[in-house]
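A quick write-up on the structure given underneath.
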Amino acid sequence: MSQPSTGHGAPAEPEILESPEAVLSTLHKDGRRRWMYPTLSEGALWRRRRLVGWALIVLFVALPIIQIKGKPAVLLDILHSEFTFFGLTLYATDTILLMLLMITILLSVVFATALMGRVWCGWGCPQTIYLEFVYRPIERLLEGRESRRQRQDEGDLSAPVFWRKLAKYLIFFVISIGLAHTFVAYFVGWSDLIAWMTGPPTQHWGFFLMMALTTSLVMLDFAWFREQMCTIVCPYARLQSVLMDRDSLIVSYDPGRGEPRGRRRKGAEEAGLGDCVDCLACVRTCPTGIDIRDGLQMECVGCTQCIDACDAIMAKVEKPAGLIRYTSENALERKTPRILRPRVMIYGALLAVMVAIFAGSLSGRQSVEVNVTRVPGAPFVLLPDGNVANRLRFRVHNRTGQRDIYRIEALAPEGARVKVIGSPEIALGAGEMKHVDTWIEAPAGAFSGGSTLGHFKIVGAAEVGESPELDFKLLGPFGSQGGR
Ligand code: SF4
Ligand code: SF4
């Protein structure tokens, strides 16, 4: 397997490792880290990816800032078990909906991977986007192109190189702080974040530790760990071989067209050679250090840099572009590509079913959730007016995005009424939950065999969604003249 570690411009010949012990493209044979110096190939796909990448960076920054119905567009408030997506807030009590949402997201990934391979990794993953379009460009700006940087890294540390490196890491640090804050804002919201940032540090040690840890991890990842996140850590990469088949879209070299590869020399006999001129431009540009000509590999993140690099070479040698291209294994073998195949149909059908169940559950979701329990103590009290009183505790949860005032109505038994202890008004803010103690008074004649079934309805003044109803067993005398 070819293992590149070269710079830009007129690079040294990449070291070729043919040893069977060469397991990972990012490691030397003795297990040491092989630093990558991928050259930049500014082709058509790179320009499109840069556009998509920056649009996604803007979106990533904006989502916790944009307010919809008074809440951030996306807020994953784990501390309070509230998960907001574009105006819809799911709570811990929405277990089924949250589970359905997670399964739907998972199935979407599975479905998209079966169809389009690692398009997400190359075009949408924050790891790729921030590394390729934020951190590496700064590095190139301050330390020069890859060949120069490699020479600097391998030589003695001179004063100018030291200062350039220091400036680079300082800028990386500032960006990492911003990135870490944006990331944390998804979990706590910017309003809390700003309050913590502007408050006295002694009151928010937890916040400072969390931010220090997150910033360190971001910095460590983008300044040092880099491609190893994709080749060693990311579990999605490990699932590729299971999720994809021979018709999935991949970035691939066309050996039928390229082989036998060989360098073109002036006046030399070219007969019998394929289109690959063995220039290694595709290898030098690969951020994970693989040679795409060795076939589909787990380390390939689908970044399309090898396509851009090879297309530029093909233009120079006046051959058609696309020796490396988006294709599928079957298409490379000149078999008819199939989009609708069993795997895609099964994943697609499962996804459609999940989306339908999720949408159905969402539309039937009640705007207020209510539970009732008996308050410990006497099971019931006989009142002087002949009624029987049960003390019940209602837990009322306003699941809407607006404040509302609720009342509890007793629909059964006939003549029953609800007396809220304390403030008769059950006012709840958006997403707020309250325990409300009540006396439920019902005529003694309604009880038979020591109990009767109470039926309650919780009505909101704003009349948002359906008013939930629930039953609860009321205890009372065994006969209409009975006592406690
Ligand atoms: S860039 Fe193209 S021509 Fe050059 S080695 Fe790679 S596949 Fe062959
Ligand atoms: S093989 Fe090509 S698409 Fe895959 S990671 Fe390397 S440069 Fe990117």
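So you can find residues: chains in the structure tokens are A, B, ... in the order shown, residues in each start at 1, and ligands are numbered from 1 in order.
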
**OP:** Show me which residues sit within 6 Å of ligand 1 when counting only C-alpha atoms and all ligand atoms, and put them as a list in words.
**Re:** Cys276, Val277, Asp278, Cys279, Leu280, Ala281, Cys282, Ala309 and Cys310 of chain A

**OP:** Once DSSP has gone over the backbone, tell me which residues of range 321-430 of chain A are in strand (DSSP E), as a VMD selection string.
**Re:** chain A and resid 324 to 327 368 to 374 381 to 382 387 to 398 404 to 412 417 to 420 426 to 428

Subject >> range 468-480 of chain A environment, 9 Å, only C-alpha atoms, sequence neighbours closer than 3 positions dropped, as number ranges by chain >> reply: A: 366-373, 379-382, 388-390, 412, 440, 442-459, 483-484

Original post:
Looking only at the backbone, which of the residues in range 190-359 of chain A does DSSP tag as alpha helix (DSSP H), as number ranges by chain?
Top reply: A: 190-198, 205-220, 228, 235-243, 255-258, 281-284, 305-316, 329-332, 342-359

Determine, using only C-alpha atoms and all ligand atoms, which residues of chain A have any atom at most 8 Å from an atom of ligand 2, and tabulate each with its shortest atom pair and distance in Å to one decimal place, rows ordered by chain and then rising number, as a Markdown table.
```
| residue | atom | partner | partner_atom_place_in_ligand_line | distance |
| --- | --- | --- | --- | --- |
| A:Gly122 | CA | ligand 2 | 8 (Fe) | 7.4 |
| A:Val251 | CA | ligand 2 | 3 (S) | 5.5 |
| A:Ser252 | CA | ligand 2 | 1 (S) | 7.6 |
| A:Cys282 | CA | ligand 2 | 7 (S) | 6.4 |
| A:Val283 | CA | ligand 2 | 7 (S) | 7.1 |
| A:Thr285 | CA | ligand 2 | 7 (S) | 5.9 |
| A:Cys286 | CA | ligand 2 | 7 (S) | 3.6 |
| A:Pro287 | CA | ligand 2 | 6 (Fe) | 5.8 |
| A:Thr288 | CA | ligand 2 | 5 (S) | 5.5 |
| A:Gly289 | CA | ligand 2 | 6 (Fe) | 6.5 |
| A:Ile290 | CA | ligand 2 | 6 (Fe) | 5.7 |
| A:Asp291 | CA | ligand 2 | 1 (S) | 6.2 |
| A:Ile292 | CA | ligand 2 | 1 (S) | 4.5 |
| A:Gln297 | CA | ligand 2 | 1 (S) | 7.8 |
| A:Glu299 | CA | ligand 2 | 5 (S) | 6.6 |
| A:Cys300 | CA | ligand 2 | 4 (Fe) | 3.6 |
| A:Val301 | CA | ligand 2 | 5 (S) | 4.3 |
| A:Gly302 | CA | ligand 2 | 3 (S) | 3.7 |
| A:Cys303 | CA | ligand 2 | 8 (Fe) | 3.8 |
| A:Thr304 | CA | ligand 2 | 3 (S) | 4.1 |
| A:Gln305 | CA | ligand 2 | 7 (S) | 4.4 |
| A:Cys306 | CA | ligand 2 | 7 (S) | 4.2 |
| A:Ile307 | CA | ligand 2 | 2 (Fe) | 6.6 |
```

Subject >> Distance criterion (only C-alpha atoms): nearest to Gly178 in chain A out of A:Val218, A:Leu101, A:Met229, A:Leu428 >> reply: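 Nearest to Gly178 in chain A: A:Val218.
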
Could you pull the residues within 6 Å of Arg391 in chain A, counting only C-alpha atoms, minus those fewer than 6 positions along the same chain, as a compact mmCIF listing (two decimals) with C-alpha atoms, in the first residue's frame?
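Result went into selection15.txt, see below:
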```txt
# COMPACT_ATOMS: atom_id res chain seq x y z
CA VAL A 375 -51.36 12.48 48.86
CA THR A 438 -56.32 19.54 45.55
CA TRP A 439 -59.31 18.39 47.53
```

**OP:** Give me the residues within 12 Å of Arg149 in chain A as a VMD selection string, counting only C-alpha atoms and dropping any in the same chain fewer than 2 places off.
**Re:** chain A and resid 5 to 9 11 35 to 39 136 139 to 147 151 to 155 157 161 164 to 165

Serialized selection, C-alpha atoms, as a compact mmCIF listing (two decimals), in the first residue's frame:
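Done, and the output landed in result_21.txt:
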```txt
# COMPACT_ATOMS: atom_id res chain seq x y z
CA SER A 5 3.75 12.02 3.52
CA THR A 6 4.73 14.70 1.11
CA GLY A 7 4.55 18.42 0.72
CA HIS A 8 3.41 20.79 -1.95
CA GLY A 9 5.20 22.10 -5.01
CA PRO A 11 7.80 17.29 -3.20
CA TRP A 35 2.19 13.41 9.87
CA MET A 36 0.08 14.29 6.89
CA TYR A 37 0.93 17.20 4.63
CA PRO A 38 -1.88 16.97 2.07
CA THR A 39 -1.47 19.36 -0.83
CA ARG A 136 -5.68 24.31 7.33
CA GLU A 139 -1.87 27.08 8.66
CA ARG A 140 -1.05 27.55 4.96
CA LEU A 141 -1.28 31.31 5.31
CA LEU A 142 1.15 31.44 8.22
CA GLU A 143 3.50 28.54 7.54
CA GLY A 144 3.36 28.21 3.78
CA ARG A 145 2.43 25.33 1.56
CA GLU A 146 2.85 21.74 2.63
CA SER A 147 6.34 21.04 1.22
CA ARG A 151 10.78 20.86 5.65
CA GLN A 152 10.32 23.26 8.57
CA ASP A 153 8.88 20.54 10.80
CA GLU A 154 11.66 18.14 9.99
CA GLY A 155 14.44 20.72 10.38
CA LEU A 157 13.24 25.13 14.91
CA VAL A 161 9.36 29.38 12.32
CA ARG A 164 4.87 31.70 12.94
CA LYS A 165 3.91 28.53 14.79
```

**OP:** Please measure the separation of CA of Gly124 in chain A and CA of Gly53 in chain A, giving the value in Å to one decimal.
**Re:**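 Computing the Euclidean distance for CA of Gly124 in chain A and CA of Gly53 in chain A yields 6.9 Å.
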
Original post:
If you count only C-alpha atoms, which residues fall within 8 Å of range 399-406 of chain A, apart from same-chain ones fewer than 5 positions away, as JSON, numbers by chain?
Top reply: {"A": [69, 70, 87, 88, 89, 90, 91, 366, 367, 368, 369, 425, 426, 427, 428, 429, 430, 431, 432, 458, 459, 460, 461, 462, 464]}

Output C-alpha atoms of each residue in that selection to a file, as a CSV table (one decimal), in the first residue's frame.
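And here's again02.csv as it stands now:
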```csv
chain,number,residue,atom,x,y,z
A,69,LYS,CA,-41.3,30.9,19.5
A,70,GLY,CA,-38.9,32.5,22.1
A,87,GLY,CA,-40.2,25.6,17.6
A,88,LEU,CA,-41.1,22.0,18.8
A,89,THR,CA,-40.0,21.2,22.3
A,90,LEU,CA,-39.8,17.6,23.5
A,91,TYR,CA,-39.5,16.8,27.2
A,366,GLN,CA,-51.2,16.6,24.0
A,367,SER,CA,-50.2,20.2,24.8
A,368,VAL,CA,-50.5,19.5,28.5
A,369,GLU,CA,-49.4,16.4,30.3
A,425,GLU,CA,-54.9,29.7,39.4
A,426,ILE,CA,-52.6,27.1,37.8
A,427,ALA,CA,-50.4,29.4,35.8
A,428,LEU,CA,-47.5,27.7,33.9
A,429,GLY,CA,-44.9,29.2,31.7
A,430,ALA,CA,-43.7,27.5,28.5
A,431,GLY,CA,-42.5,24.1,29.3
A,432,GLU,CA,-43.1,24.6,33.1
A,458,ILE,CA,-57.5,19.7,32.4
A,459,VAL,CA,-58.4,22.7,30.4
A,460,GLY,CA,-56.0,25.5,29.3
A,461,ALA,CA,-57.3,29.1,28.9
A,462,ALA,CA,-55.4,29.4,25.6
A,464,VAL,CA,-54.0,25.0,22.6
```

**OP:** Might you pull out every residue within 12 Å of Met211 in chain A, with only C-alpha atoms counted and same-chain residues fewer than 4 positions away left off, and present them as a ChimeraX atom specification?
**Re:** /A:176-185,193,196-197,204-207,215-219

Please produce a file of the residues just selected, as a compact mmCIF listing (two decimals), in the first residue's frame, where the atoms kept are N, CA and C atoms.
```txt
# COMPACT_ATOMS: atom_id res chain seq x y z
N SER A 176 -10.85 27.96 18.46
CA SER A 176 -11.34 26.82 19.25
C SER A 176 -12.23 27.28 20.39
N ILE A 177 -11.90 28.44 20.98
CA ILE A 177 -12.76 28.98 22.05
C ILE A 177 -14.15 29.28 21.46
N GLY A 178 -14.16 29.95 20.29
CA GLY A 178 -15.44 30.28 19.65
C GLY A 178 -16.23 29.04 19.30
N LEU A 179 -15.52 28.04 18.78
CA LEU A 179 -16.16 26.79 18.38
C LEU A 179 -16.73 26.06 19.60
N ALA A 180 -15.94 26.05 20.68
CA ALA A 180 -16.38 25.37 21.90
C ALA A 180 -17.61 26.06 22.48
N HIS A 181 -17.62 27.39 22.47
CA HIS A 181 -18.78 28.12 22.99
C HIS A 181 -20.02 27.85 22.14
N THR A 182 -19.84 27.84 20.82
CA THR A 182 -20.98 27.55 19.94
C THR A 182 -21.51 26.15 20.22
N PHE A 183 -20.60 25.21 20.38
CA PHE A 183 -20.99 23.83 20.64
C PHE A 183 -21.78 23.73 21.96
N VAL A 184 -21.24 24.36 23.00
CA VAL A 184 -21.89 24.30 24.31
C VAL A 184 -23.25 25.03 24.26
N ALA A 185 -23.34 26.08 23.41
CA ALA A 185 -24.61 26.82 23.29
C ALA A 185 -25.75 25.92 22.83
N LEU A 193 -25.31 31.03 28.59
CA LEU A 193 -23.87 31.08 28.34
C LEU A 193 -23.32 32.49 28.59
N TRP A 196 -23.27 33.32 32.26
CA TRP A 196 -22.12 32.68 32.93
C TRP A 196 -20.82 33.39 32.57
N MET A 197 -20.71 33.77 31.28
CA MET A 197 -19.46 34.40 30.84
C MET A 197 -19.26 35.76 31.50
N HIS A 204 -19.20 30.41 38.83
CA HIS A 204 -19.42 29.51 37.70
C HIS A 204 -18.19 28.67 37.41
N TRP A 205 -17.64 28.07 38.46
CA TRP A 205 -16.45 27.26 38.26
C TRP A 205 -16.74 26.09 37.32
N GLY A 206 -17.93 25.53 37.48
CA GLY A 206 -18.30 24.38 36.64
C GLY A 206 -18.29 24.77 35.18
N PHE A 207 -18.85 25.96 34.89
CA PHE A 207 -18.90 26.44 33.51
C PHE A 207 -17.49 26.62 32.95
N THR A 215 -12.80 23.48 24.96
CA THR A 215 -11.84 24.20 24.11
C THR A 215 -10.58 23.36 23.90
N SER A 216 -10.12 22.72 24.97
CA SER A 216 -8.90 21.89 24.86
C SER A 216 -9.13 20.75 23.88
N LEU A 217 -10.31 20.13 23.97
CA LEU A 217 -10.59 18.99 23.09
C LEU A 217 -10.68 19.45 21.63
N VAL A 218 -11.32 20.60 21.40
CA VAL A 218 -11.43 21.13 20.03
C VAL A 218 -10.05 21.45 19.49
N MET A 219 -9.26 22.11 20.32
CA MET A 219 -7.89 22.50 19.92
C MET A 219 -7.06 21.25 19.64
```
